[in-house]
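Undergrad: Take this structure first; my questions come after.
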Amino acid sequence: MSGNNSLFRRLPIENLATPTPGGLVRTLSLFQLTAIGIGGIIGAGIFSLAGVVANRDAGPAVLLSFLVAGVASAAAAFSYAEFAGLIPRAGSAYTYGYAVLGELIGWCIGWDLLLEYTAIVAVVAIGISGYFGYLLQQIGLHVPTWALGAPGTGDGHRVDLFALVLCLFIAWLLTMGIKNAARFETFVVGLKVAVVVVIIAVGVFHINPANYTPFMPHGFGGVVTGAATVFFAVFGYDAMSTAAEESKESQKHMPKAILLSLLVAMILYVLACLVLTGMVNYTQIDTKSPFASAFSSIGMGWLGTLIAAGAIIGILTVMFTFMLGVTRIWFSMSRDGLLPKYFAGTSEKHHVPVRVTWIVGIVSALLAGFVNIGVAAELTNIGILLAFVVVCIAVIVLRYRRPDLNREFKCPWMPIVPAVGVVASIWLITYLQWQTWVRFAVWFVVGLIIYFTYSRRHSRLAQAEAS
């Protein structure tokens, strides 16, 4: 095969529909998959970013920011659902891109997601710390100033100790096996949803309609800027889809779990935003612990404390979902030979990729402990948006290239829906800061160097051609 053609060699679709021996174990039910999806979507978006975006960018129109981001996410979700019903393999966007658009595209998306998902774990861990500090103050405890945040986030801050420890805890939990970890995740997701429902049910009686004026203080541009920021709060199903190889009936359950998790999350997001901006004027929202502070301001400090505790517990599920996602993508890339096969090794007892799990845990812990949350948050969005572009394009290409394939779920209104996903994702990318592009470009260049010096020659497809 010529050099140029080898860059676009593709994984055979038919081979991806059969189980791979010696790897992951299928134990997850539809309910558990949906819980993992909801766990990945609902988290820092409600408990942290909703307040930040309302205060800084969109005002009460923050709910529109979530809806704009949700439209782009939903268009991509339909594309992911079609692939999930067709390719029951770990790897998500990486595997889909590799199978449809070729090895180089697959590598770029996989390399991209290794950074983005790891950064998301760190962002969420940092987000929890704000609520943790609030909760400790409510019960009369004080953490040393040096342990309250990364350098540059406050006077005397040296490390976000709580965020760092949380990342290591999630890594440990994932090494205990997907079945045990999924049980923990499902239980905690239930607690988190219950907390959000309590916020909505109680807060609706304390809404002051005057707080909704002006509804869009910074115009529609502020709404879109907010949408670009909160975008990472409206996906999570994509990380959940990396667990396809650990689902009992992946081709049937994965599409349902993707769409159900996004639907439930969007309903709760919109209602929670209405409550927050109705209870507190957007200019006075506490960006560190918005809901807890909102209830404290109306004399319901006990509920604020409960919300802070629920936020800490609930946001753990986001960390779980994305750390699960990055480890399964790394596992898949190593199994395919694009990264050293050492990383594809699984433990004999729990059948999970322990090596990559601990590496991701340590790296995310360092990011969470020493990097500013704003820098990490925008870095996550650019990569996910690009992954959505690739998946939406790939689902169109494959539909017309292989109409004969048996699809458990078909993306509706082809090719309009995935095209909307492409356009909306690119549109949101343009609202990200130039520094984000620079950081992403550096990571991308490093990835290309690794691909052309190692991955291109060591991939399973390259080895098969050589033999």
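By convention in this document, the chains of the structure tokens carry letters A, B, ... by their order, each chain's residues are numbered from 1, and ligands are numbered from 1 in the order they are shown.
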Set the distance at 7 Å and use only C-alpha atoms: which residues neighbour Gly149 (chain A) once local chain neighbours fewer than 3 positions away are removed? I'd like the list as an NGL selection string.

TA: :A and (153 or 157-160)

Undergrad: Find the residues of region 302-370 of chain A that sit at most 10 Å from region 196-210 of chain A; for each, write down the nearest two atoms and how far apart they are in Å, to one decimal. Count only C-alpha atoms. Sort by chain, then by number going up, and give it as CSV.

TA:
```
residue,atom,partner,partner_atom,distance
A:Leu303,CA,A:Ile199,CA,8.7
A:Gly304,CA,A:Ile199,CA,9.4
A:Leu306,CA,A:Val198,CA,10.0
A:Ile307,CA,A:Ile199,CA,7.7
A:Gly310,CA,A:Val196,CA,8.6
A:Ala311,CA,A:Val196,CA,9.0
A:Gly314,CA,A:Val196,CA,9.6
```

Undergrad: DSSP on the backbone, helix (DSSP H, G or I) only: what residues of region 272-336 of chain A does that give? Format it as a PyMOL selection string.

TA: chain A and resi 272-279+282-284+290-297+301-335

Undergrad: For the selection you just gave me, I'd like the residues written to a file as a short mmCIF file (atom, residue, chain, number, x, y, z; two decimals), in the first residue's frame, keeping N, CA and C atoms.

TA:
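Written output follows (out.cif):
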```
data_model
loop_
_atom_site.label_atom_id
_atom_site.label_comp_id
_atom_site.auth_asym_id
_atom_site.auth_seq_id
_atom_site.Cartn_x
_atom_site.Cartn_y
_atom_site.Cartn_z
N ALA A 272 -33.14 23.91 36.49
CA ALA A 272 -32.23 24.39 37.53
C ALA A 272 -31.76 25.81 37.24
N CYS A 273 -31.50 26.13 35.97
CA CYS A 273 -31.08 27.48 35.60
C CYS A 273 -32.20 28.50 35.86
N LEU A 274 -33.43 28.12 35.57
CA LEU A 274 -34.57 29.00 35.85
C LEU A 274 -34.66 29.31 37.34
N VAL A 275 -34.44 28.30 38.17
CA VAL A 275 -34.52 28.49 39.61
C VAL A 275 -33.39 29.38 40.12
N LEU A 276 -32.16 29.10 39.68
CA LEU A 276 -31.01 29.86 40.17
C LEU A 276 -31.12 31.34 39.83
N THR A 277 -31.39 31.66 38.56
CA THR A 277 -31.45 33.07 38.16
C THR A 277 -32.74 33.75 38.61
N GLY A 278 -33.73 32.96 39.03
CA GLY A 278 -34.94 33.53 39.60
C GLY A 278 -34.79 33.84 41.08
N MET A 279 -33.99 33.06 41.76
CA MET A 279 -33.77 33.27 43.20
C MET A 279 -32.80 34.41 43.47
N TYR A 282 -28.54 37.88 38.68
CA TYR A 282 -27.35 37.27 38.07
C TYR A 282 -26.06 37.96 38.48
N THR A 283 -26.13 39.26 38.79
CA THR A 283 -24.91 39.99 39.19
C THR A 283 -24.43 39.61 40.58
N GLN A 284 -25.29 38.97 41.36
CA GLN A 284 -24.95 38.64 42.75
C GLN A 284 -24.74 37.14 42.97
N PRO A 290 -22.87 28.37 43.67
CA PRO A 290 -24.06 29.20 43.39
C PRO A 290 -25.34 28.75 44.07
N PHE A 291 -25.69 27.47 44.00
CA PHE A 291 -26.95 27.04 44.57
C PHE A 291 -26.91 27.02 46.10
N ALA A 292 -25.82 26.55 46.65
CA ALA A 292 -25.69 26.53 48.11
C ALA A 292 -25.80 27.94 48.66
N SER A 293 -25.13 28.89 48.03
CA SER A 293 -25.17 30.29 48.48
C SER A 293 -26.55 30.90 48.28
N ALA A 294 -27.22 30.52 47.18
CA ALA A 294 -28.56 31.06 46.90
C ALA A 294 -29.54 30.69 48.01
N PHE A 295 -29.50 29.45 48.44
CA PHE A 295 -30.42 29.04 49.50
C PHE A 295 -30.02 29.62 50.85
N SER A 296 -28.75 29.79 51.07
CA SER A 296 -28.30 30.41 52.32
C SER A 296 -28.78 31.86 52.39
N SER A 297 -28.82 32.54 51.23
CA SER A 297 -29.22 33.95 51.21
C SER A 297 -30.68 34.16 51.57
N GLY A 301 -29.94 27.93 55.11
CA GLY A 301 -28.56 27.47 55.13
C GLY A 301 -28.44 25.96 55.22
N TRP A 302 -29.39 25.34 55.92
CA TRP A 302 -29.35 23.88 56.06
C TRP A 302 -29.46 23.21 54.69
N LEU A 303 -30.31 23.80 53.82
CA LEU A 303 -30.46 23.22 52.49
C LEU A 303 -29.21 23.51 51.64
N GLY A 304 -28.62 24.71 51.86
CA GLY A 304 -27.37 25.02 51.18
C GLY A 304 -26.29 24.02 51.53
N THR A 305 -26.24 23.64 52.79
CA THR A 305 -25.25 22.64 53.23
C THR A 305 -25.53 21.29 52.59
N LEU A 306 -26.82 20.93 52.52
CA LEU A 306 -27.20 19.66 51.88
C LEU A 306 -26.83 19.67 50.40
N ILE A 307 -27.05 20.81 49.73
CA ILE A 307 -26.72 20.92 48.31
C ILE A 307 -25.21 20.81 48.11
N ALA A 308 -24.44 21.46 48.99
CA ALA A 308 -22.99 21.39 48.88
C ALA A 308 -22.51 19.95 49.01
N ALA A 309 -23.09 19.22 49.98
CA ALA A 309 -22.72 17.81 50.15
C ALA A 309 -23.14 16.99 48.94
N GLY A 310 -24.36 17.26 48.41
CA GLY A 310 -24.84 16.55 47.23
C GLY A 310 -24.01 16.84 46.01
N ALA A 311 -23.54 18.11 45.90
CA ALA A 311 -22.71 18.48 44.76
C ALA A 311 -21.39 17.73 44.78
N ILE A 312 -20.79 17.63 45.96
CA ILE A 312 -19.52 16.92 46.09
C ILE A 312 -19.68 15.46 45.69
N ILE A 313 -20.73 14.83 46.21
CA ILE A 313 -20.97 13.42 45.90
C ILE A 313 -21.34 13.25 44.43
N GLY A 314 -22.23 14.14 43.94
CA GLY A 314 -22.75 13.99 42.59
C GLY A 314 -21.72 14.23 41.50
N ILE A 315 -20.85 15.23 41.71
CA ILE A 315 -19.88 15.54 40.68
C ILE A 315 -18.84 14.44 40.54
N LEU A 316 -18.73 13.61 41.57
CA LEU A 316 -17.84 12.46 41.47
C LEU A 316 -18.18 11.59 40.27
N THR A 317 -19.48 11.53 39.93
CA THR A 317 -19.91 10.66 38.83
C THR A 317 -19.39 11.16 37.49
N VAL A 318 -19.23 12.48 37.36
CA VAL A 318 -18.67 13.02 36.12
C VAL A 318 -17.21 12.58 35.98
N MET A 319 -16.48 12.69 37.08
CA MET A 319 -15.09 12.25 37.08
C MET A 319 -15.01 10.77 36.71
N PHE A 320 -15.92 9.98 37.27
CA PHE A 320 -15.95 8.54 37.00
C PHE A 320 -16.15 8.28 35.51
N THR A 321 -17.15 8.94 34.92
CA THR A 321 -17.49 8.69 33.51
C THR A 321 -16.34 9.04 32.58
N PHE A 322 -15.72 10.19 32.80
CA PHE A 322 -14.67 10.61 31.87
C PHE A 322 -13.35 9.91 32.11
N MET A 323 -13.07 9.53 33.34
CA MET A 323 -11.86 8.73 33.54
C MET A 323 -12.06 7.34 32.94
N LEU A 324 -13.27 6.80 33.06
CA LEU A 324 -13.60 5.55 32.38
C LEU A 324 -13.39 5.72 30.88
N GLY A 325 -13.86 6.85 30.32
CA GLY A 325 -13.74 7.08 28.89
C GLY A 325 -12.31 7.15 28.41
N VAL A 326 -11.47 7.93 29.08
CA VAL A 326 -10.09 8.10 28.62
C VAL A 326 -9.30 6.80 28.74
N THR A 327 -9.56 6.02 29.78
CA THR A 327 -8.83 4.76 29.92
C THR A 327 -9.23 3.75 28.85
N ARG A 328 -10.51 3.76 28.45
CA ARG A 328 -10.95 2.81 27.41
C ARG A 328 -10.46 3.23 26.03
N ILE A 329 -10.35 4.52 25.78
CA ILE A 329 -9.79 4.98 24.51
C ILE A 329 -8.31 4.61 24.44
N TRP A 330 -7.59 4.86 25.52
CA TRP A 330 -6.17 4.51 25.56
C TRP A 330 -5.98 3.01 25.38
N PHE A 331 -6.83 2.23 26.05
CA PHE A 331 -6.80 0.77 25.91
C PHE A 331 -7.00 0.37 24.45
N SER A 332 -8.00 0.98 23.78
CA SER A 332 -8.30 0.63 22.39
C SER A 332 -7.16 1.01 21.46
N MET A 333 -6.60 2.19 21.65
CA MET A 333 -5.49 2.62 20.79
C MET A 333 -4.27 1.71 20.96
N SER A 334 -4.03 1.26 22.17
CA SER A 334 -2.91 0.35 22.43
C SER A 334 -3.19 -1.02 21.85
N ARG A 335 -4.41 -1.49 21.97
CA ARG A 335 -4.77 -2.79 21.40
C ARG A 335 -4.65 -2.78 19.88
#
```

Undergrad: Report, in Å to a single decimal, how far apart CA of Thr118 (chain A) and CA of Leu164 (chain A) are.

TA: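 Pair CA of Leu164 (chain A) / CA of Thr118 (chain A) returns 12.8 Å.
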
Undergrad: For the atom pair CA of Leu461 (chain A) and CA of Pro12 (chain A), what is the interatomic distance in Å to one decimal place?

TA: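 Separation of CA of Leu461 (chain A) and CA of Pro12 (chain A): 9.9 Å.
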
Undergrad: Would you mind listing what lies within 10 Å of Leu148 (chain A) as a PyMOL selection string, with only C-alpha atoms counted and same-chain residues fewer than 3 positions away left out?

TA: chain A and resi 126+129-130+132-133+142-145+151+153-163+369

Undergrad: Export, as a compact mmCIF listing (two decimals), in the first residue's frame, the selected residues with N, CA, C and O atoms.

TA:
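Once written, part_4.txt looks like this:
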```txt
# COMPACT_ATOMS: atom_id res chain seq x y z
N ILE A 126 -11.71 20.21 40.39
CA ILE A 126 -11.53 21.59 40.87
C ILE A 126 -12.89 22.19 41.23
O ILE A 126 -13.03 22.89 42.24
N SER A 129 -14.12 21.30 44.62
CA SER A 129 -13.40 21.92 45.73
C SER A 129 -14.10 23.16 46.26
O SER A 129 -14.06 23.44 47.46
N GLY A 130 -14.73 23.94 45.35
CA GLY A 130 -15.44 25.12 45.80
C GLY A 130 -16.55 24.77 46.78
O GLY A 130 -16.73 25.42 47.81
N PHE A 132 -16.66 21.98 48.50
CA PHE A 132 -16.04 21.36 49.67
C PHE A 132 -15.63 22.44 50.68
O PHE A 132 -15.87 22.30 51.89
N GLY A 133 -15.02 23.53 50.18
CA GLY A 133 -14.65 24.63 51.07
C GLY A 133 -15.86 25.25 51.74
O GLY A 133 -15.84 25.56 52.93
N HIS A 142 -11.80 24.72 58.90
CA HIS A 142 -11.07 25.55 57.95
C HIS A 142 -9.85 24.80 57.43
O HIS A 142 -9.04 24.29 58.21
N VAL A 143 -9.73 24.74 56.12
CA VAL A 143 -8.59 24.09 55.48
C VAL A 143 -7.46 25.12 55.38
O VAL A 143 -7.71 26.31 55.12
N PRO A 144 -6.21 24.71 55.56
CA PRO A 144 -5.10 25.66 55.41
C PRO A 144 -5.13 26.34 54.05
O PRO A 144 -5.45 25.71 53.03
N THR A 145 -4.80 27.61 54.03
CA THR A 145 -4.86 28.39 52.80
C THR A 145 -4.06 27.77 51.67
O THR A 145 -4.48 27.77 50.50
N PRO A 151 -1.79 27.41 42.34
CA PRO A 151 -1.06 28.68 42.37
C PRO A 151 -1.71 29.71 41.45
O PRO A 151 -2.09 29.40 40.32
N THR A 153 -4.60 31.23 42.03
CA THR A 153 -6.05 31.31 42.21
C THR A 153 -6.44 32.05 43.47
O THR A 153 -7.62 32.25 43.73
N GLY A 154 -5.48 32.44 44.29
CA GLY A 154 -5.76 33.16 45.53
C GLY A 154 -4.49 33.36 46.33
O GLY A 154 -3.49 32.67 46.10
N ASP A 155 -4.53 34.31 47.25
CA ASP A 155 -3.36 34.59 48.07
C ASP A 155 -2.98 33.37 48.91
O ASP A 155 -3.81 32.85 49.66
N GLY A 156 -1.76 32.93 48.77
CA GLY A 156 -1.27 31.83 49.57
C GLY A 156 -1.60 30.45 49.05
O GLY A 156 -1.20 29.44 49.63
N HIS A 157 -2.34 30.37 47.92
CA HIS A 157 -2.71 29.06 47.37
C HIS A 157 -1.48 28.38 46.74
O HIS A 157 -0.75 28.99 45.98
N ARG A 158 -1.31 27.11 47.05
CA ARG A 158 -0.20 26.34 46.50
C ARG A 158 -0.67 25.09 45.75
O ARG A 158 -0.09 24.69 44.75
N VAL A 159 -1.75 24.46 46.24
CA VAL A 159 -2.24 23.24 45.61
C VAL A 159 -3.71 23.05 45.98
O VAL A 159 -4.12 23.39 47.10
N ASP A 160 -4.50 22.55 45.05
CA ASP A 160 -5.89 22.18 45.36
C ASP A 160 -5.86 20.74 45.84
O ASP A 160 -6.01 19.79 45.07
N LEU A 161 -5.64 20.59 47.13
CA LEU A 161 -5.38 19.26 47.69
C LEU A 161 -6.58 18.33 47.56
O LEU A 161 -6.44 17.15 47.23
N PHE A 162 -7.77 18.85 47.82
CA PHE A 162 -8.96 18.00 47.77
C PHE A 162 -9.18 17.48 46.35
O PHE A 162 -9.49 16.30 46.15
N ALA A 163 -9.02 18.36 45.35
CA ALA A 163 -9.20 17.94 43.95
C ALA A 163 -8.17 16.88 43.57
O ALA A 163 -8.48 15.91 42.88
N GLY A 369 -4.59 19.71 40.83
CA GLY A 369 -3.93 20.32 41.96
C GLY A 369 -3.23 21.62 41.64
O GLY A 369 -3.13 22.51 42.50
```

Undergrad: CA of Ala35 (chain A) to CA of Ser261 (chain A): how many Å, to one decimal?

TA: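 Separating CA of Ala35 (chain A) from CA of Ser261 (chain A) is a distance of 7.3 Å.
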
Undergrad: What lies within 7 Å of Ala171 (chain A) using only C-alpha atoms, ignoring chain neighbours under 5 positions off, as number ranges by chain?

TA: A: 357-358, 361

Undergrad: Would you kindly return, as an MDAnalysis selection string, each protein, DNA or RNA residue with an atom no farther than 12 Å from any atom of region 429-431 of chain A, considering only C-alpha atoms and excluding same-chain residues fewer than 4 positions away?

TA: chainID A and resid 69 72 221:231 378:389 422:425 435:437
